[in-house]
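Okay, input-v1.pdb is below, PDB, C-alpha atoms and all ligand atoms:
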MODEL        1
ATOM      1  CA  MET A  10      86.710  74.813 102.223
ATOM      2  CA  ASN A  11      89.850  76.225 100.614
ATOM      3  CA  LYS A  12      90.336  79.929  99.864
ATOM      4  CA  ARG A  13      89.324  79.564  96.227
ATOM      5  CA  THR A  14      86.018  77.919  97.108
ATOM      6  CA  LEU A  15      85.328  80.352  99.959
ATOM      7  CA  ALA A  16      85.941  83.342  97.698
ATOM      8  CA  ALA A  17      83.746  81.913  94.936
ATOM      9  CA  GLU A  18      81.019  81.163  97.461
ATOM     10  CA  TYR A  19      81.210  84.712  98.819
ATOM     11  CA  ALA A  20      81.126  86.215  95.303
ATOM     12  CA  SER A  21      78.161  84.020  94.305
ATOM     13  CA  HIS A  22      75.903  86.083  96.621
ATOM     14  CA  SER A  23      76.759  89.154  94.527
ATOM     15  CA  GLU A  24      77.156  87.557  91.091
ATOM     16  CA  ALA A  25      74.622  89.943  89.520
ATOM     17  CA  ILE A  26      77.106  92.827  89.853
ATOM     18  CA  PHE A  27      79.544  91.330  87.349
ATOM     19  CA  LYS A  28      79.704  92.207  83.653
ATOM     20  CA  CYS A  29      81.874  90.284  81.242
ATOM     21  CA  PRO A  30      84.896  92.444  80.351
ATOM     22  CA  VAL A  31      84.981  90.866  76.873
ATOM     23  CA  CYS A  32      81.347  90.950  75.691
ATOM     24  CA  ASN A  33      79.520  92.935  78.438
ATOM     25  CA  SER A  34      76.996  90.170  79.126
ATOM     26  CA  SER A  35      75.923  89.008  82.573
ATOM     27  CA  MET A  36      77.975  86.513  84.558
ATOM     28  CA  ARG A  37      77.490  83.817  87.162
ATOM     29  CA  VAL A  38      79.661  81.815  89.512
ATOM     30  CA  PHE A  39      80.010  78.286  88.140
ATOM     31  CA  GLU A  40      80.761  75.274  90.391
ATOM     32  CA  LEU A  41      82.511  77.564  92.923
ATOM     33  CA  LYS A  42      85.483  77.649  90.562
ATOM     34  CA  ASN A  43      85.005  80.371  88.028
ATOM     35  CA  LEU A  44      82.951  83.253  86.772
ATOM     36  CA  ILE A  45      81.370  82.561  83.412
ATOM     37  CA  CYS A  46      79.369  84.842  81.120
ATOM     38  CA  SER A  47      76.388  83.932  78.943
ATOM     39  CA  ASN A  48      78.770  83.668  75.972
ATOM     40  CA  ASN A  49      81.051  81.297  77.905
ATOM     41  CA  HIS A  50      83.931  83.674  78.542
ATOM     42  CA  THR A  51      85.445  82.122  81.654
ATOM     43  CA  PHE A  52      87.560  83.629  84.436
ATOM     44  CA  ASP A  53      88.975  81.476  87.235
ATOM     45  CA  PHE A  54      89.106  82.241  90.922
ATOM     46  CA  SER A  55      92.752  81.954  91.947
ATOM     47  CA  LYS A  56      93.832  79.685  94.770
ATOM     48  CA  GLN A  57      94.340  82.805  96.948
ATOM     49  CA  GLY A  58      90.733  83.820  96.252
ATOM     50  CA  TYR A  59      90.926  86.765  93.854
ATOM     51  CA  ILE A  60      89.550  86.882  90.331
ATOM     52  CA  ASN A  61      91.421  88.273  87.350
ATOM     53  CA  LEU A  62      88.939  90.015  85.028
ATOM     54  CA  MET A  63      91.402  91.702  82.723
ATOM     55  CA  SER A  64      90.580  91.018  79.092
ATOM     56  CA  HIS A  65      94.298  91.449  78.312
ATOM     57  CA  PRO A  66      97.352  91.326  80.600
ATOM     58  CA  VAL A  67      98.888  94.610  81.724
ATOM     59  CA  LYS A  68     102.323  95.119  83.200
ATOM     60  CA  SER A  69     102.108  97.110  86.415
ATOM     61  CA  MET A  70     104.870  99.476  87.523
ATOM     62  CA  TYR A  71     104.202  98.568  91.157
ATOM     63  CA  ASN A  72     105.776  95.478  92.618
ATOM     64  CA  ARG A  73     104.914  93.278  95.521
ATOM     65  CA  SER A  74     107.319  94.905  98.009
ATOM     66  CA  LEU A  75     105.556  98.251  97.554
ATOM     67  CA  PHE A  76     102.214  96.720  98.540
ATOM     68  CA  GLN A  77     103.753  94.843 101.463
ATOM     69  CA  ALA A  78     105.375  98.085 102.678
ATOM     70  CA  ARG A  79     102.058  99.905 102.407
ATOM     71  CA  ARG A  80     100.203  97.248 104.377
ATOM     72  CA  LYS A  81     102.871  97.275 107.097
ATOM     73  CA  LEU A  82     102.700 101.043 107.441
ATOM     74  CA  ILE A  83      98.899 100.927 107.649
ATOM     75  CA  THR A  84      98.557  97.987 110.024
ATOM     76  CA  GLU A  85     101.621  98.564 112.237
ATOM     77  CA  ALA A  86     101.971 102.351 112.343
ATOM     78  CA  GLY A  87      98.252 103.193 111.948
ATOM     79  CA  PHE A  88      99.350 105.563 109.205
ATOM     80  CA  PHE A  89      95.889 106.246 107.752
ATOM     81  CA  GLU A  90      93.758 105.483 110.833
ATOM     82  CA  PRO A  91      92.290 109.030 111.287
ATOM     83  CA  LEU A  92      91.483 109.098 107.556
ATOM     84  CA  ILE A  93      89.718 105.724 107.713
ATOM     85  CA  GLN A  94      87.570 106.816 110.676
ATOM     86  CA  ALA A  95      86.680 110.084 108.921
ATOM     87  CA  ILE A  96      85.631 108.221 105.759
ATOM     88  CA  ALA A  97      83.503 105.762 107.749
ATOM     89  CA  GLU A  98      81.731 108.689 109.438
ATOM     90  CA  MET A  99      81.130 110.378 106.081
ATOM     91  CA  ILE A 100      79.657 107.202 104.651
ATOM     92  CA  TYR A 101      77.369 106.867 107.638
ATOM     93  CA  LYS A 102      76.278 110.501 107.474
ATOM     94  CA  HIS A 103      75.644 110.662 103.727
ATOM     95  CA  ALA A 104      74.766 107.120 102.667
ATOM     96  CA  ALA A 105      74.183 104.641 105.442
ATOM     97  CA  ILE A 106      71.755 106.116 107.966
ATOM     98  CA  GLU A 107      68.627 104.696 106.299
ATOM     99  CA  ARG A 108      70.257 101.652 104.770
ATOM    100  CA  GLU A 109      70.646  98.299 106.508
ATOM    101  CA  SER A 110      73.244  97.091 104.049
ATOM    102  CA  LEU A 111      75.744  98.844 101.836
ATOM    103  CA  SER A 112      77.864  97.935  98.846
ATOM    104  CA  LEU A 113      81.278  99.580  98.581
ATOM    105  CA  ILE A 114      83.826  99.437  95.811
ATOM    106  CA  ASP A 115      87.396 100.642  96.261
ATOM    107  CA  THR A 116      88.813 101.653  92.875
ATOM    108  CA  GLY A 117      92.578 101.324  92.863
ATOM    109  CA  CYS A 118      92.437  99.404  96.143
ATOM    110  CA  GLY A 119      96.026  98.120  95.975
ATOM    111  CA  GLU A 120      96.697  95.691  98.827
ATOM    112  CA  GLY A 121      93.200  96.201 100.207
ATOM    113  CA  SER A 122      93.802  97.587 103.711
ATOM    114  CA  HIS A 123      91.709 100.734 103.211
ATOM    115  CA  LEU A 124      88.674  98.791 101.983
ATOM    116  CA  PHE A 125      88.977  96.225 104.752
ATOM    117  CA  ASN A 126      89.404  98.851 107.508
ATOM    118  CA  ILE A 127      86.559 101.054 106.248
ATOM    119  CA  CYS A 128      84.177  98.073 105.983
ATOM    120  CA  GLU A 129      85.149  96.959 109.506
ATOM    121  CA  SER A 130      84.599 100.426 110.922
ATOM    122  CA  ILE A 131      81.122 100.763 109.371
ATOM    123  CA  ARG A 132      80.163  97.268 110.458
ATOM    124  CA  SER A 133      81.317  97.582 114.067
ATOM    125  CA  LYS A 134      80.469 101.250 114.755
ATOM    126  CA  TYR A 135      77.165 101.467 112.928
ATOM    127  CA  GLN A 136      75.994  97.831 112.774
ATOM    128  CA  LYS A 137      75.567  97.804 109.004
ATOM    129  CA  THR A 138      76.080  94.886 106.659
ATOM    130  CA  VAL A 139      78.751  95.816 104.142
ATOM    131  CA  THR A 140      79.749  94.114 100.911
ATOM    132  CA  GLY A 141      83.216  95.219  99.876
ATOM    133  CA  VAL A 142      84.639  94.978  96.375
ATOM    134  CA  GLY A 143      88.218  95.913  95.575
ATOM    135  CA  ILE A 144      89.501  96.488  92.060
ATOM    136  CA  ASP A 145      93.027  97.257  90.933
ATOM    137  CA  ILE A 146      94.905  96.873  87.675
ATOM    138  CA  SER A 147      97.856  95.489  89.623
ATOM    139  CA  LYS A 148      97.732  91.752  90.126
ATOM    140  CA  GLU A 149     100.466  92.057  92.763
ATOM    141  CA  GLY A 150      98.277  94.364  94.847
ATOM    142  CA  ILE A 151      95.177  92.168  94.561
ATOM    143  CA  LEU A 152      97.219  89.070  95.375
ATOM    144  CA  GLU A 153      98.352  90.698  98.644
ATOM    145  CA  ALA A 154      94.764  91.796  99.371
ATOM    146  CA  SER A 155      93.311  88.319  98.892
ATOM    147  CA  LYS A 156      96.023  86.756 101.060
ATOM    148  CA  SER A 157      95.367  89.206 103.893
ATOM    149  CA  TYR A 158      91.617  89.762 103.890
ATOM    150  CA  ALA A 159      88.810  87.239 103.421
ATOM    151  CA  ASN A 160      85.124  87.986 102.809
ATOM    152  CA  LYS A 161      85.749  90.622 100.175
ATOM    153  CA  ILE A 162      85.539  90.406  96.404
ATOM    154  CA  TRP A 163      89.058  91.085  95.088
ATOM    155  CA  THR A 164      89.322  91.701  91.347
ATOM    156  CA  VAL A 165      92.126  92.499  88.970
ATOM    157  CA  GLY A 166      90.477  94.784  86.462
ATOM    158  CA  ASP A 167      90.727  97.801  84.235
ATOM    159  CA  LEU A 168      89.278 101.049  85.650
ATOM    160  CA  ALA A 169      88.534 102.198  82.102
ATOM    161  CA  ASN A 170      86.362  99.112  81.534
ATOM    162  CA  THR A 171      85.263  97.972  84.976
ATOM    163  CA  PRO A 172      83.737  94.464  84.953
ATOM    164  CA  PHE A 173      80.551  95.573  86.726
ATOM    165  CA  MET A 174      76.989  96.262  85.619
ATOM    166  CA  ASN A 175      75.450  99.757  85.751
ATOM    167  CA  GLU A 176      74.371 101.284  89.069
ATOM    168  CA  GLN A 177      75.583  98.550  91.412
ATOM    169  CA  PHE A 178      77.318 100.419  94.235
ATOM    170  CA  ASP A 179      76.184 102.657  97.096
ATOM    171  CA  VAL A 180      79.688 104.020  97.620
ATOM    172  CA  ILE A 181      82.745 104.354  95.405
ATOM    173  CA  LEU A 182      86.052 104.890  97.197
ATOM    174  CA  ASN A 183      88.935 106.411  95.268
ATOM    175  CA  ILE A 184      91.813 106.971  97.661
ATOM    176  CA  LEU A 185      95.046 108.584  96.425
ATOM    177  CA  SER A 186      94.445 106.905  93.104
ATOM    178  CA  PRO A 187      93.528 108.001  89.542
ATOM    179  CA  SER A 188      89.851 108.469  88.666
ATOM    180  CA  ASN A 189      87.720 107.421  85.746
ATOM    181  CA  TYR A 190      84.625 109.578  86.137
ATOM    182  CA  ASN A 191      82.716 108.001  83.232
ATOM    183  CA  GLU A 192      82.982 104.600  84.841
ATOM    184  CA  PHE A 193      82.274 105.993  88.326
ATOM    185  CA  ASN A 194      79.062 107.522  86.965
ATOM    186  CA  ARG A 195      78.079 104.298  85.276
ATOM    187  CA  VAL A 196      78.555 101.865  88.188
ATOM    188  CA  LEU A 197      77.341 104.158  90.996
ATOM    189  CA  LYS A 198      73.674 103.919  92.042
ATOM    190  CA  ALA A 199      71.537 107.001  91.328
ATOM    191  CA  ASP A 200      71.683 108.111  94.976
ATOM    192  CA  GLY A 201      75.219 106.761  95.550
ATOM    193  CA  LEU A 202      78.249 108.504  96.937
ATOM    194  CA  LEU A 203      81.702 109.080  95.464
ATOM    195  CA  ILE A 204      84.456 109.526  98.032
ATOM    196  CA  LYS A 205      87.749 110.714  96.617
ATOM    197  CA  VAL A 206      90.829 111.338  98.752
ATOM    198  CA  VAL A 207      93.495 113.682  97.403
ATOM    199  CA  PRO A 208      96.737 114.995  98.919
ATOM    200  CA  GLN A 209      96.722 118.450 100.471
ATOM    201  CA  THR A 210      99.639 120.934 100.488
ATOM    202  CA  SER A 211     101.606 119.446 103.399
ATOM    203  CA  TYR A 212     101.171 115.765 102.577
ATOM    204  CA  LEU A 213     104.472 113.992 103.403
ATOM    205  CA  LYS A 214     106.203 117.387 103.459
ATOM    206  CA  GLU A 215     109.165 116.111 105.477
ATOM    207  CA  LEU A 216     109.858 113.534 102.770
ATOM    208  CA  ARG A 217     109.267 115.976  99.913
ATOM    209  CA  GLU A 218     111.666 118.517 101.431
ATOM    210  CA  ILE A 219     114.428 115.938 101.421
ATOM    211  CA  ILE A 220     113.694 114.588  97.980
ATOM    212  CA  PHE A 221     113.161 117.794  96.015
ATOM    213  CA  ASN A 222     115.639 120.638  95.842
ATOM    214  CA  GLN A 223     113.145 122.962  94.153
ATOM    215  CA  PRO A 224     110.811 124.635  96.681
ATOM    216  CA  GLU A 225     107.888 124.543  94.212
ATOM    217  CA  LYS A 226     107.900 120.747  94.296
ATOM    218  CA  GLN A 227     108.094 120.596  98.067
ATOM    219  CA  SER A 228     104.430 121.343  98.492
ATOM    220  CA  TYR A 229     101.579 119.999  96.460
ATOM    221  CA  SER A 230      98.528 121.601  94.883
ATOM    222  CA  ASN A 231      95.354 119.644  94.204
ATOM    223  CA  THR A 232      93.500 122.483  92.462
ATOM    224  CA  ASP A 233      93.237 120.716  89.069
ATOM    225  CA  THR A 234      91.993 117.504  90.686
ATOM    226  CA  VAL A 235      89.289 119.354  92.605
ATOM    227  CA  VAL A 236      88.187 121.206  89.441
ATOM    228  CA  ARG A 237      87.842 117.905  87.557
ATOM    229  CA  PHE A 238      85.903 116.387  90.452
ATOM    230  CA  ASN A 239      83.451 119.310  90.373
ATOM    231  CA  GLU A 240      82.989 119.048  86.622
ATOM    232  CA  ASN A 241      81.883 115.435  86.962
ATOM    233  CA  PHE A 242      80.152 115.186  90.323
ATOM    234  CA  GLN A 243      78.257 117.533  92.588
ATOM    235  CA  MET A 244      80.316 118.083  95.726
ATOM    236  CA  VAL A 245      78.068 117.625  98.765
ATOM    237  CA  ASP A 246      80.724 117.741 101.461
ATOM    238  CA  ASN A 247      84.470 117.904 101.961
ATOM    239  CA  SER A 248      86.836 117.569 104.853
ATOM    240  CA  ARG A 249      90.540 118.179 105.420
ATOM    241  CA  ILE A 250      92.348 115.640 107.589
ATOM    242  CA  SER A 251      95.756 116.710 108.937
ATOM    243  CA  TYR A 252      97.938 115.022 111.499
ATOM    244  CA  THR A 253     101.547 114.172 112.260
ATOM    245  CA  LEU A 254     102.903 110.785 113.198
ATOM    246  CA  LEU A 255     106.173 109.794 114.789
ATOM    247  CA  LEU A 256     107.584 106.936 112.732
ATOM    248  CA  ASP A 257     110.192 104.461 113.892
ATOM    249  CA  LYS A 258     113.016 103.205 111.689
ATOM    250  CA  LEU A 259     111.068 100.308 110.178
ATOM    251  CA  SER A 260     108.067 102.493 109.400
ATOM    252  CA  ILE A 261     110.315 105.117 107.786
ATOM    253  CA  GLN A 262     111.623 102.373 105.526
ATOM    254  CA  SER A 263     108.086 101.236 104.659
ATOM    255  CA  LEU A 264     107.088 104.820 103.858
ATOM    256  CA  VAL A 265     110.010 105.304 101.481
ATOM    257  CA  GLU A 266     109.314 101.973  99.780
ATOM    258  CA  MET A 267     105.645 102.735  99.164
ATOM    259  CA  THR A 268     106.159 106.306  97.922
ATOM    260  CA  PRO A 269     106.899 106.425  94.180
ATOM    261  CA  LEU A 270     108.314 109.963  94.391
ATOM    262  CA  SER A 271     111.202 108.687  96.500
ATOM    263  CA  TRP A 272     112.273 106.263  93.772
ATOM    264  CA  GLU A 273     113.609 109.075  91.578
ATOM    265  CA  ALA A 274     115.264 110.941  94.431
ATOM    266  CA  PRO A 275     119.036 111.212  94.858
ATOM    267  CA  LYS A 276     120.200 108.136  96.798
ATOM    268  CA  GLU A 277     122.179 110.201  99.347
ATOM    269  CA  GLN A 278     119.125 112.250 100.308
ATOM    270  CA  VAL A 279     116.933 109.192 100.749
ATOM    271  CA  LYS A 280     119.645 107.519 102.812
ATOM    272  CA  SER A 281     119.859 110.451 105.224
ATOM    273  CA  PHE A 282     116.089 110.117 105.746
ATOM    274  CA  LEU A 283     116.345 106.362 106.277
ATOM    275  CA  ASP A 284     119.181 106.811 108.801
ATOM    276  CA  GLU A 285     116.966 108.623 111.289
ATOM    277  CA  ASP A 286     115.864 106.546 114.292
ATOM    278  CA  THR A 287     112.516 108.300 114.407
ATOM    279  CA  THR A 288     110.980 111.045 112.327
ATOM    280  CA  GLN A 289     107.879 113.220 112.316
ATOM    281  CA  ILE A 290     105.785 112.881 109.204
ATOM    282  CA  THR A 291     102.771 114.932 108.169
ATOM    283  CA  VAL A 292      99.669 113.391 106.660
ATOM    284  CA  ASP A 293      97.544 116.117 105.050
ATOM    285  CA  LEU A 294      94.632 114.951 102.936
ATOM    286  CA  GLU A 295      91.320 116.172 101.627
ATOM    287  CA  ILE A 296      88.204 114.028 101.368
ATOM    288  CA  LEU A 297      85.873 115.074  98.537
ATOM    289  CA  ILE A 298      82.332 113.757  98.675
ATOM    290  CA  GLY A 299      80.194 113.848  95.593
ATOM    291  CA  LYS A 300      76.816 112.755  94.285
ATOM    292  CA  LYS A 301      75.728 112.269  90.713
ATOM    293  CA  ARG A 302      74.675 115.423  88.873
TER     294      ARG A 302
HETATM  295 ZN    ZN A 401      81.592  87.385  77.714
ENDMDL
END
Starting from the file, give its structure as structure tokens.
Ligand SMILES: [Zn+2]
Amino acid sequence: MNKRTLAAEYASHSEAIFKCPVCNSSMRVFELKNLICSNNHTFDFSKQGYINLMSHPVKSMYNRSLFQARRKLITEAGFFEPLIQAIAEMIYKHAAIERESLSLIDTGCGEGSHLFNICESIRSKYQKTVTGVGIDISKEGILEASKSYANKIWTVGDLANTPFMNEQFDVILNILSPSNYNEFNRVLKADGLLIKVVPQTSYLKELREIIFNQPEKQSYSNTDTVVRFNENFQMVDNSRISYTLLLDKLSIQSLVEMTPLSWEAPKEQVKSFLDEDTTQITVDLEILIGKKR
């Protein structure tokens, strides 16, 4: 079977989760080629295996090299490994102990490494069956995801109008990515879990210090984000994950490429960072865990 057919076959086991982005009616996988709604709106599986469920095309500011850089940094430098393990443990503790199988959606999944790694960790450490769905508005990100990781449902879609029925997911992941709390509330099961990861004060501080001349921009505050989280969900747990990594030259380059804040920085400053053979970099993140109110 080719990748298109395999992806359609995999999605057919979960076809009840889909909602037509045009008319909101239910959808089904048709002839292992496309997803079709009861009013005949049709969306094709691509030859790489993702499905584009945007009702209108959107131009993304992120290009393919950003997603490739991110995947390299994650897979080769283990950049987010402690975070991934912490999230898997949180999911087990708060959502998976009594469940045999779990459905996860990563909102703003980009090139898909976080979703893949978290699903793998839950499956291998805790022997749970996991269905993983990734959604991102960027076609470039989803294209990379579908090329790298099979046995996931990869969708290009709008977070403000997610192409999924109500109360379909046990866990929503939202990692360093914008939130849409109305949609999170709608698609999360009544006893489901929202896991949001936000930067903490020292996140990438070595890079920020080089890029920004103003001290107030060199650290980061997530106070507003946490307030908004609390307004929409009931926080049941939270955890701060801090560590430093020693990056080699290639990983430094990947980090700069995947970090939008470095794009606006003075070229000279970025170059001095890129010229280092190795550099220490701090990852400082907070995991917020919420349930529906
Ligand atoms: Zn429709």
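Between atom CA of Glu120 of chain A and atom CA of Cys46 of chain A there is a distance of 27.0 Å.
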* Test item: which residues lie within 8 Å of (93.9, 118.9, 109.1) counting only C-alpha atoms, as a PyMOL selection string -> chain A and resi 249-252+293-294
Closest atom pairs, chain A residues within 7 Å of ligand ZN 401 (chain A), only C-alpha atoms and all ligand atoms, as a Markdown table:
| residue | atom | partner | partner_atom | distance |
| --- | --- | --- | --- | --- |
| A:Cys29 | CA | A:ZN401 | ZN | 4.6 |
| A:Pro30 | CA | A:ZN401 | ZN | 6.6 |
| A:Val31 | CA | A:ZN401 | ZN | 4.9 |
| A:Cys32 | CA | A:ZN401 | ZN | 4.1 |
| A:Asn33 | CA | A:ZN401 | ZN | 6.0 |
| A:Ser34 | CA | A:ZN401 | ZN | 5.6 |
| A:Cys46 | CA | A:ZN401 | ZN | 4.8 |
| A:Ser47 | CA | A:ZN401 | ZN | 6.4 |
| A:Asn48 | CA | A:ZN401 | ZN | 5.0 |
| A:Asn49 | CA | A:ZN401 | ZN | 6.1 |
| A:His50 | CA | A:ZN401 | ZN | 4.5 |
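A search radius of 12 Å centred on (94.8, 106.2, 110.8), applied to all atoms listed in the file, returns the residues Leu82, Ile83, Thr84, Glu85, Ala86, Gly87, Phe88, Phe89, Glu90, Pro91, Leu92, Ile93, Gln94, Ala95, Ile96, Ala97, Ser122, His123, Asn126, Ile127, Ser130, Ile250, Ser251, Tyr252, Thr253, Leu254, Val292, Asp293 and Leu294 of chain A.
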* Selection: 9 Å around Ser21 of chain A, all atoms listed in the file, excl. self and same-chain fewer than 6 positions, as JSON, numbers by chain -> {"A": [37, 38, 39, 41, 44]}
Write the residues of the selection above to a file with C-alpha atoms, as a PDB file, in the coordinates of the input.
ATOM      1  CA  ARG A  37      77.490  83.817  87.162  1.00  0.00           C
ATOM      2  CA  VAL A  38      79.661  81.815  89.512  1.00  0.00           C
ATOM      3  CA  PHE A  39      80.010  78.286  88.140  1.00  0.00           C
ATOM      4  CA  LEU A  41      82.511  77.564  92.923  1.00  0.00           C
ATOM      5  CA  LEU A  44      82.951  83.253  86.772  1.00  0.00           C
TER       6      LEU A  44
END
* To do: Let me know the residues the PyMOL selection byres (((chain A and resi 238) around 12) and not hetatm) catches in the file above, as a ChimeraX atom specification.
  => /A:183,187-191,193-194,203-207,231-237,239-245,247,296-302
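Using all atoms listed in the file, the smallest distance between any of A:Lys81, A:Lys56, A:His65, A:Lys134 and Ser263 of chain A comes from A:Lys81.
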* To do: Kindly give the distance, in Å, that separates atom CA of Gln227 of chain A and atom CA of Ile261 of chain A, rounded to a single decimal.
  => 18.4 Å
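Here the question is which of A:Glu192, A:Asp179, A:Glu273, A:Glu129 gets nearest to Phe221 of chain A using all atoms listed in the file, and that residue is A:Glu273.
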* Structure fact -> atom CA of Val165 of chain A sits from atom CA of Asp145 of chain A at a separation of 5.2 Å
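Candidate residues A:Leu264, A:Leu111, A:Leu152, A:Leu213 were compared for distance to Thr140 of chain A, and the nearest is A:Leu111, using all atoms listed in the file.
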